[in-house]
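Undergrad: Pasting model_18.txt here (compact mmCIF, C-alpha atoms):
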```txt
# COMPACT_ATOMS: atom_id res chain seq x y z
CA MET A 1 55.76 12.96 -22.73
CA GLY A 2 55.43 16.11 -20.71
CA LEU A 3 56.11 16.58 -17.07
CA PHE A 4 52.42 16.19 -16.14
CA SER A 5 51.45 13.36 -18.52
CA SER A 6 51.27 10.54 -16.00
CA GLY A 7 49.30 12.68 -13.53
CA SER A 8 46.74 13.59 -16.13
CA SER A 9 46.31 9.97 -17.14
CA ALA A 10 45.61 9.06 -13.51
CA THR A 11 43.16 11.96 -13.24
CA ARG A 12 41.34 10.81 -16.39
CA GLU A 13 41.15 7.27 -15.01
CA ARG A 14 39.71 8.49 -11.70
CA LYS A 15 37.20 10.65 -13.53
CA ALA A 16 36.18 7.74 -15.78
CA GLU A 17 35.76 5.47 -12.75
CA ARG A 18 33.67 8.10 -10.93
CA GLU A 19 31.46 8.51 -14.02
CA ARG A 20 31.04 4.73 -14.30
CA GLN A 21 30.01 4.51 -10.64
CA GLU A 22 27.53 7.38 -11.06
CA ALA A 23 26.04 5.66 -14.12
CA GLU A 24 25.64 2.43 -12.15
CA ALA A 25 23.96 4.26 -9.26
CA THR A 26 21.63 5.97 -11.74
CA ALA A 27 20.74 2.60 -13.28
CA ALA A 28 19.80 1.17 -9.86
CA ILE A 29 17.62 4.23 -9.19
CA ALA A 30 16.04 3.90 -12.63
CA ALA A 31 15.32 0.19 -12.03
CA HIS A 32 13.69 1.14 -8.71
CA GLU A 33 11.37 3.64 -10.43
CA ILE A 34 10.58 1.24 -13.29
CA GLY A 35 9.70 -1.34 -10.63
CA HIS A 36 7.13 1.07 -9.18
CA ALA A 37 5.63 1.65 -12.65
CA ILE A 38 5.43 -2.09 -13.37
CA GLY A 39 3.77 -2.51 -9.97
CA MET A 40 1.26 0.25 -10.71
CA ALA A 41 0.28 -1.30 -14.02
CA ALA A 42 -0.06 -4.76 -12.43
CA ALA A 43 -2.32 -3.26 -9.75
CA GLY A 44 -4.49 -1.52 -12.34
CA ILE A 45 -3.21 1.92 -11.35
CA ARG A 46 -2.75 4.19 -14.36
CA VAL A 47 0.87 5.34 -14.70
CA HIS A 48 1.35 9.00 -15.65
CA TRP A 49 5.14 9.06 -16.06
CA VAL A 50 8.46 7.84 -14.68
CA ARG A 51 11.43 10.19 -14.43
CA LEU A 52 14.89 10.60 -13.01
CA THR A 53 15.46 13.73 -10.94
CA ALA A 54 18.48 15.45 -9.45
CA THR A 55 17.76 13.73 -6.14
CA GLY A 56 16.67 10.29 -7.39
CA GLY A 57 13.53 9.49 -9.31
CA GLN A 58 9.75 9.49 -9.34
CA ALA A 59 7.00 7.31 -10.72
CA ARG A 60 3.63 9.05 -10.76
CA GLY A 61 0.25 7.41 -11.13
CA ASP A 62 -3.39 7.74 -10.18
CA ASP A 63 -4.44 7.73 -6.54
CA ILE A 64 -6.23 4.68 -5.16
CA ASP A 65 -9.42 4.36 -3.17
CA PRO A 66 -8.26 3.60 0.39
CA GLU A 67 -11.58 1.85 1.08
CA ASP A 68 -10.91 -0.71 -1.68
CA ILE A 69 -8.87 -3.47 -0.02
CA ALA A 70 -7.78 -4.98 -3.36
CA ALA A 71 -6.52 -1.52 -4.43
CA VAL A 72 -4.66 -1.14 -1.14
CA ASP A 73 -3.07 -4.58 -1.61
CA GLY A 74 -1.98 -3.59 -5.14
CA TYR A 75 -0.64 -0.28 -3.86
CA LEU A 76 1.45 -2.03 -1.18
CA VAL A 77 2.92 -4.49 -3.71
CA MET A 78 3.65 -1.57 -6.06
CA THR A 79 5.38 0.32 -3.27
CA LEU A 80 7.71 -2.61 -2.58
CA ALA A 81 8.23 -3.34 -6.29
CA GLY A 82 10.72 -0.45 -6.45
CA TRP A 83 12.79 -2.03 -3.68
CA ALA A 84 12.58 -5.45 -5.34
CA ALA A 85 13.64 -4.06 -8.75
CA ALA A 86 16.67 -2.22 -7.34
CA ALA A 87 17.68 -5.39 -5.49
CA GLU A 88 17.28 -7.52 -8.60
CA TRP A 89 19.38 -5.00 -10.56
CA VAL A 90 22.35 -5.19 -8.19
CA HIS A 91 21.96 -8.96 -7.88
CA ARG A 92 22.10 -9.47 -11.65
CA HIS A 93 24.54 -6.70 -12.59
CA HIS A 94 26.90 -6.51 -9.64
CA GLY A 95 27.07 -10.04 -8.32
CA PHE A 96 25.42 -9.38 -4.97
CA SER A 97 23.83 -12.43 -3.40
CA ARG A 98 20.05 -12.13 -3.43
CA SER A 99 19.89 -11.53 0.34
CA ALA A 100 22.69 -8.93 0.22
CA ALA A 101 20.98 -7.21 -2.70
CA LEU A 102 17.66 -7.04 -0.83
CA ALA A 103 19.39 -5.59 2.25
CA TRP A 104 21.29 -3.06 0.11
CA ALA A 105 18.14 -1.95 -1.70
CA LYS A 106 16.20 -1.60 1.54
CA ASN A 107 18.55 1.19 2.58
CA GLY A 108 17.65 3.17 -0.56
CA SER A 109 13.94 2.47 -0.11
CA ARG A 110 13.45 3.68 3.46
CA GLY A 111 10.56 5.97 2.54
CA ASP A 112 8.77 3.19 0.68
CA TRP A 113 9.21 0.82 3.61
CA ALA A 114 7.89 3.42 6.05
CA ASP A 115 4.85 3.90 3.80
CA VAL A 116 4.21 0.14 3.69
CA ARG A 117 4.54 -0.23 7.46
CA ALA A 118 2.11 2.66 7.99
CA LYS A 119 -0.49 1.37 5.51
CA ALA A 120 -0.19 -2.43 5.76
CA ARG A 121 -2.93 -2.59 8.40
CA TYR A 122 -5.41 -1.40 5.73
CA GLY A 123 -4.53 -4.31 3.44
CA SER A 124 -5.49 -7.94 3.70
CA HIS A 125 -2.03 -9.54 3.98
CA THR A 126 1.19 -9.44 5.98
CA VAL A 127 4.14 -7.26 5.02
CA ARG A 128 6.08 -10.46 4.22
CA TRP A 129 3.36 -11.41 1.71
CA TYR A 130 3.68 -8.01 -0.02
CA GLU A 131 7.47 -8.49 -0.15
CA ARG A 132 7.16 -11.89 -1.83
CA GLU A 133 4.55 -10.64 -4.31
CA ALA A 134 6.73 -7.66 -5.26
CA GLN A 135 9.73 -9.93 -5.83
CA LYS A 136 7.68 -12.36 -7.95
CA LEU A 137 6.28 -9.49 -10.01
CA ILE A 138 9.76 -8.08 -10.70
CA ARG A 139 11.22 -11.43 -11.72
CA ALA A 140 8.25 -12.13 -14.02
CA ASN A 141 8.77 -8.77 -15.76
CA TRP A 142 12.56 -8.65 -15.73
CA ARG A 143 13.08 -8.31 -19.50
CA ARG A 144 10.82 -5.24 -19.61
CA ILE A 145 12.52 -3.78 -16.55
CA GLU A 146 15.97 -4.19 -18.12
CA ARG A 147 14.83 -2.53 -21.34
CA TYR A 148 12.92 0.32 -19.68
CA THR A 149 15.70 0.96 -17.14
CA ARG A 150 18.21 1.51 -19.91
CA GLU A 151 15.75 3.70 -21.80
CA LEU A 152 15.02 5.77 -18.69
CA CYS A 153 18.75 6.27 -18.12
CA ARG A 154 19.11 7.53 -21.70
CA LYS A 155 16.01 9.73 -21.86
CA GLY A 156 15.45 10.80 -18.25
CA GLU A 157 11.67 10.32 -18.50
CA LEU A 158 9.23 7.75 -19.86
CA PRO A 159 5.51 8.27 -20.50
CA GLY A 160 2.92 6.22 -18.66
CA SER A 161 1.75 4.79 -21.97
CA ARG A 162 4.77 2.45 -21.86
CA PHE A 163 3.19 0.71 -18.88
CA ASN A 164 -0.60 1.13 -19.19
```
Have the structure of the file written as structure tokens, please.

TA:
Amino acid sequence: MGLFSSGSSATRERKAERERQEAEATAAIAAHEIGHAIGMAAAGIRVHWVRLTATGGQARGDDIDPEDIAAVDGYLVMTLAGWAAAAEWVHRHHGFSRSAALAWAKNGSRGDWADVRAKARYGSHTVRWYEREAQKLIRANWRRIERYTRELCRKGELPGSRFN
């Protein structure tokens, strides 16, 4: 053993732990984006693609008709489906209680929540109703979300055809 052997082992361990934590954060982001895509498909919104980016992720789909209340309701559920999917991911994979997972995920979904609060008055339900519907949708599609989240982490982008 050389003079610096133990230090380099500790450095490798820290690097491996940092990489593991980054991979876990990426998986939660991927689950969030897959949740949006599942929500789009459930609302009848055509999904174009889902991708991971340097700053997070994106799920892109068709625009909706803001005069169509059913489309607005679907859009609002889809918007909260990302939050619900990220929460379900940390609940199932990291042992968070369901309520702690929902609170944790809300922090990473601030833009989505702001969008829902701004547009909920155009829908036909309460924000709490959209929350519950998003959570039910995510639990009902959990096997697909698990599979697509892992695939998105590997590939970085998935085509909309996976969801439409």

Undergrad: Of the candidates A:Trp89, A:Trp129, A:Phe96, A:Trp104, which shows the shortest atom-to-atom distance to Thr149 in chain A, using all atoms listed in the file?

TA: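 Of A:Trp89, A:Trp129, A:Phe96, A:Trp104, the one nearest Thr149 in chain A is A:Trp89, counting all atoms listed in the file.
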
Undergrad: Between CA of Pro159 in chain A and CA of Glu133 in chain A, what distance in Å does the model show, to one decimal?

TA: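 Atom-to-atom, CA of Pro159 in chain A and CA of Glu133 in chain A are spaced 24.9 Å apart.
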
Undergrad: May I ask for the distance between CA of Leu52 in chain A and CA of Arg128 in chain A, given in Å to one decimal place?

TA: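 About the pair CA of Leu52 in chain A and CA of Arg128 in chain A: they are 28.6 Å apart.
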
Undergrad: Dump as JSON lines the rows for residues of range 121-148 of chain A within 8 Å of range 66-78 of chain A: closest atom pair and distance in Å with one decimal, all atoms listed in the file counted, ordered by chain and rising residue number.

TA:
```
{"residue": "A:Tyr122", "atom": "CA", "partner": "A:Val72", "partner_atom": "CA", "distance": 6.9}
{"residue": "A:Gly123", "atom": "CA", "partner": "A:Asp73", "partner_atom": "CA", "distance": 5.3}
{"residue": "A:Ser124", "atom": "CA", "partner": "A:Ile69", "partner_atom": "CA", "distance": 6.7}
{"residue": "A:His125", "atom": "CA", "partner": "A:Asp73", "partner_atom": "CA", "distance": 7.5}
{"residue": "A:Tyr130", "atom": "CA", "partner": "A:Val77", "partner_atom": "CA", "distance": 5.2}
{"residue": "A:Glu131", "atom": "CA", "partner": "A:Val77", "partner_atom": "CA", "distance": 7.0}
{"residue": "A:Glu133", "atom": "CA", "partner": "A:Val77", "partner_atom": "CA", "distance": 6.4}
{"residue": "A:Ala134", "atom": "CA", "partner": "A:Val77", "partner_atom": "CA", "distance": 5.2}
```

Undergrad: Choose the residue, out of A:Gly39, A:Asn141, A:Ala28, A:Gly44, that has the smallest atom-to-atom separation from Ala59 in chain A; count all atoms listed in the file.

TA: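 Closest to Ala59 in chain A of all the choices is A:Gly39.
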
Undergrad: Would you please work out which residue, of A:Phe163, A:Tyr148, A:Trp83, A:Trp142, is nearest to Arg46 in chain A when using all atoms listed in the file?

TA: A:Phe163

Undergrad: Do a neighbour search on His93 in chain A at 12 Å with all atoms listed in the file, toss out local chain neighbours closer than 5 positions, and write the hits as a list of chain:residue names.

TA: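 Using all atoms listed in the file, the neighbours found are A:Glu24, A:Ala25, A:Ala27, A:Ala28, A:Ala31, A:Ala85, A:Ala86, A:Ala87, A:Glu88, A:Arg98, A:Ala101, A:Glu146.
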
Undergrad: Would you work out the distance separating CA of Leu158 in chain A from CA of Ser109 in chain A, expressed in Å to one decimal?

TA: 21.0 Å

Undergrad: Compile the contact shell of Asp62 in chain A as a PDB file with C-alpha atoms, in the frame of the given file: residues with an atom at most 8 Å away, counting all atoms listed in the file, same-chain residues fewer than 5 positions apart removed.

TA:
```pdb
ATOM      1  CA  ILE A  45      -3.210   1.920 -11.350  1.00  0.00           C
ATOM      2  CA  ARG A  46      -2.750   4.190 -14.360  1.00  0.00           C
ATOM      3  CA  VAL A  47       0.870   5.340 -14.700  1.00  0.00           C
ATOM      4  CA  HIS A  48       1.350   9.000 -15.650  1.00  0.00           C
TER       5      HIS A  48
END
```

Undergrad: Excluding Gln58 in chain A and any residue of its chain fewer than 6 positions from it, enumerate the residues within 9 Å of it, using all atoms listed in the file, and give them as a CSV table (one decimal) with C-alpha atoms, in the coordinates of the input.

TA:
```
chain,number,residue,atom,x,y,z
A,33,GLU,CA,11.4,3.6,-10.4
A,36,HIS,CA,7.1,1.1,-9.2
A,49,TRP,CA,5.1,9.1,-16.1
A,50,VAL,CA,8.5,7.8,-14.7
A,51,ARG,CA,11.4,10.2,-14.4
A,52,LEU,CA,14.9,10.6,-13.0
```

Undergrad: Please report, as JSON, the centre and edge lengths in Å to one decimal of an axis-aligned box covering all listed atoms of range 130-134 of chain A with 6 Å per side.

TA:
```
{"center_x": 5.6, "center_y": -9.8, "center_z": -2.6, "size_x": 15.8, "size_y": 16.2, "size_z": 17.2}
```

Undergrad: Counting all atoms listed in the file, what is within 12 Å of Thr55 in chain A, bar same-chain residues fewer than 5 positions away, as a PyMOL selection string?

TA: chain A and resi 25-26+29-30+108

Undergrad: With distances taken over all atoms listed in the file, which of A:Thr79, A:Gln21, A:Ser97, A:Asn107 is nearest to Arg60 in chain A?

TA: A:Thr79

Undergrad: Hey, which of A:Arg147, A:Ser161, A:Val127, A:Leu152 ends up closest to Ala114 in chain A? Count only C-alpha atoms.

TA: A:Val127

Undergrad: Quick one: range 91-114 of chain A with N, CA and C atoms, as a PDB file, in the coordinates of the input?

TA:
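Wrote it out as out_12.pdb, contents follow:
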```
ATOM      1  N   HIS A  91      21.709  -7.515  -7.891  1.00  0.00           N
ATOM      2  CA  HIS A  91      21.960  -8.960  -7.880  1.00  0.00           C
ATOM      3  C   HIS A  91      22.457  -9.412  -9.265  1.00  0.00           C
ATOM      4  N   ARG A  92      21.764  -9.006 -10.298  1.00  0.00           N
ATOM      5  CA  ARG A  92      22.100  -9.470 -11.650  1.00  0.00           C
ATOM      6  C   ARG A  92      23.294  -8.746 -12.264  1.00  0.00           C
ATOM      7  N   HIS A  93      23.492  -7.488 -11.927  1.00  0.00           N
ATOM      8  CA  HIS A  93      24.540  -6.700 -12.590  1.00  0.00           C
ATOM      9  C   HIS A  93      25.797  -6.508 -11.768  1.00  0.00           C
ATOM     10  N   HIS A  94      25.729  -6.767 -10.481  1.00  0.00           N
ATOM     11  CA  HIS A  94      26.900  -6.510  -9.640  1.00  0.00           C
ATOM     12  C   HIS A  94      27.304  -7.691  -8.782  1.00  0.00           C
ATOM     13  N   GLY A  95      26.653  -8.826  -8.995  1.00  0.00           N
ATOM     14  CA  GLY A  95      27.070 -10.040  -8.320  1.00  0.00           C
ATOM     15  C   GLY A  95      26.726 -10.132  -6.844  1.00  0.00           C
ATOM     16  N   PHE A  96      25.853  -9.263  -6.363  1.00  0.00           N
ATOM     17  CA  PHE A  96      25.420  -9.380  -4.970  1.00  0.00           C
ATOM     18  C   PHE A  96      24.621 -10.676  -4.820  1.00  0.00           C
ATOM     19  N   SER A  97      24.736 -11.319  -3.682  1.00  0.00           N
ATOM     20  CA  SER A  97      23.830 -12.430  -3.400  1.00  0.00           C
ATOM     21  C   SER A  97      22.428 -11.833  -3.321  1.00  0.00           C
ATOM     22  N   ARG A  98      21.420 -12.663  -3.470  1.00  0.00           N
ATOM     23  CA  ARG A  98      20.050 -12.130  -3.430  1.00  0.00           C
ATOM     24  C   ARG A  98      19.764 -11.470  -2.076  1.00  0.00           C
ATOM     25  N   SER A  99      20.168 -12.108  -0.984  1.00  0.00           N
ATOM     26  CA  SER A  99      19.890 -11.530   0.340  1.00  0.00           C
ATOM     27  C   SER A  99      20.665 -10.231   0.549  1.00  0.00           C
ATOM     28  N   ALA A 100      21.914 -10.169   0.101  1.00  0.00           N
ATOM     29  CA  ALA A 100      22.690  -8.930   0.220  1.00  0.00           C
ATOM     30  C   ALA A 100      22.088  -7.823  -0.636  1.00  0.00           C
ATOM     31  N   ALA A 101      21.604  -8.191  -1.817  1.00  0.00           N
ATOM     32  CA  ALA A 101      20.980  -7.210  -2.700  1.00  0.00           C
ATOM     33  C   ALA A 101      19.704  -6.642  -2.078  1.00  0.00           C
ATOM     34  N   LEU A 102      18.894  -7.499  -1.481  1.00  0.00           N
ATOM     35  CA  LEU A 102      17.660  -7.040  -0.830  1.00  0.00           C
ATOM     36  C   LEU A 102      17.974  -6.105   0.336  1.00  0.00           C
ATOM     37  N   ALA A 103      18.996  -6.442   1.117  1.00  0.00           N
ATOM     38  CA  ALA A 103      19.390  -5.590   2.250  1.00  0.00           C
ATOM     39  C   ALA A 103      19.929  -4.249   1.738  1.00  0.00           C
ATOM     40  N   TRP A 104      20.747  -4.293   0.688  1.00  0.00           N
ATOM     41  CA  TRP A 104      21.290  -3.060   0.110  1.00  0.00           C
ATOM     42  C   TRP A 104      20.170  -2.161  -0.388  1.00  0.00           C
ATOM     43  N   ALA A 105      19.234  -2.734  -1.119  1.00  0.00           N
ATOM     44  CA  ALA A 105      18.140  -1.950  -1.700  1.00  0.00           C
ATOM     45  C   ALA A 105      17.216  -1.391  -0.629  1.00  0.00           C
ATOM     46  N   LYS A 106      17.085  -2.088   0.470  1.00  0.00           N
ATOM     47  CA  LYS A 106      16.200  -1.600   1.540  1.00  0.00           C
ATOM     48  C   LYS A 106      16.679  -0.257   2.071  1.00  0.00           C
ATOM     49  N   ASN A 107      17.986  -0.071   2.115  1.00  0.00           N
ATOM     50  CA  ASN A 107      18.550   1.190   2.580  1.00  0.00           C
ATOM     51  C   ASN A 107      18.117   2.353   1.682  1.00  0.00           C
ATOM     52  N   GLY A 108      18.055   2.122   0.380  1.00  0.00           N
ATOM     53  CA  GLY A 108      17.650   3.170  -0.560  1.00  0.00           C
ATOM     54  C   GLY A 108      16.143   3.314  -0.697  1.00  0.00           C
ATOM     55  N   SER A 109      15.401   2.471  -0.006  1.00  0.00           N
ATOM     56  CA  SER A 109      13.940   2.470  -0.110  1.00  0.00           C
ATOM     57  C   SER A 109      13.282   2.734   1.246  1.00  0.00           C
ATOM     58  N   ARG A 110      13.964   3.450   2.100  1.00  0.00           N
ATOM     59  CA  ARG A 110      13.450   3.680   3.460  1.00  0.00           C
ATOM     60  C   ARG A 110      12.073   4.329   3.466  1.00  0.00           C
ATOM     61  N   GLY A 111      11.863   5.315   2.589  1.00  0.00           N
ATOM     62  CA  GLY A 111      10.560   5.970   2.540  1.00  0.00           C
ATOM     63  C   GLY A 111       9.456   5.027   2.109  1.00  0.00           C
ATOM     64  N   ASP A 112       9.750   4.179   1.132  1.00  0.00           N
ATOM     65  CA  ASP A 112       8.770   3.190   0.680  1.00  0.00           C
ATOM     66  C   ASP A 112       8.426   2.214   1.798  1.00  0.00           C
ATOM     67  N   TRP A 113       9.451   1.755   2.519  1.00  0.00           N
ATOM     68  CA  TRP A 113       9.210   0.820   3.610  1.00  0.00           C
ATOM     69  C   TRP A 113       8.401   1.458   4.729  1.00  0.00           C
ATOM     70  N   ALA A 114       8.673   2.720   5.018  1.00  0.00           N
ATOM     71  CA  ALA A 114       7.890   3.420   6.050  1.00  0.00           C
ATOM     72  C   ALA A 114       6.431   3.526   5.613  1.00  0.00           C
TER      73      ALA A 114
END
```
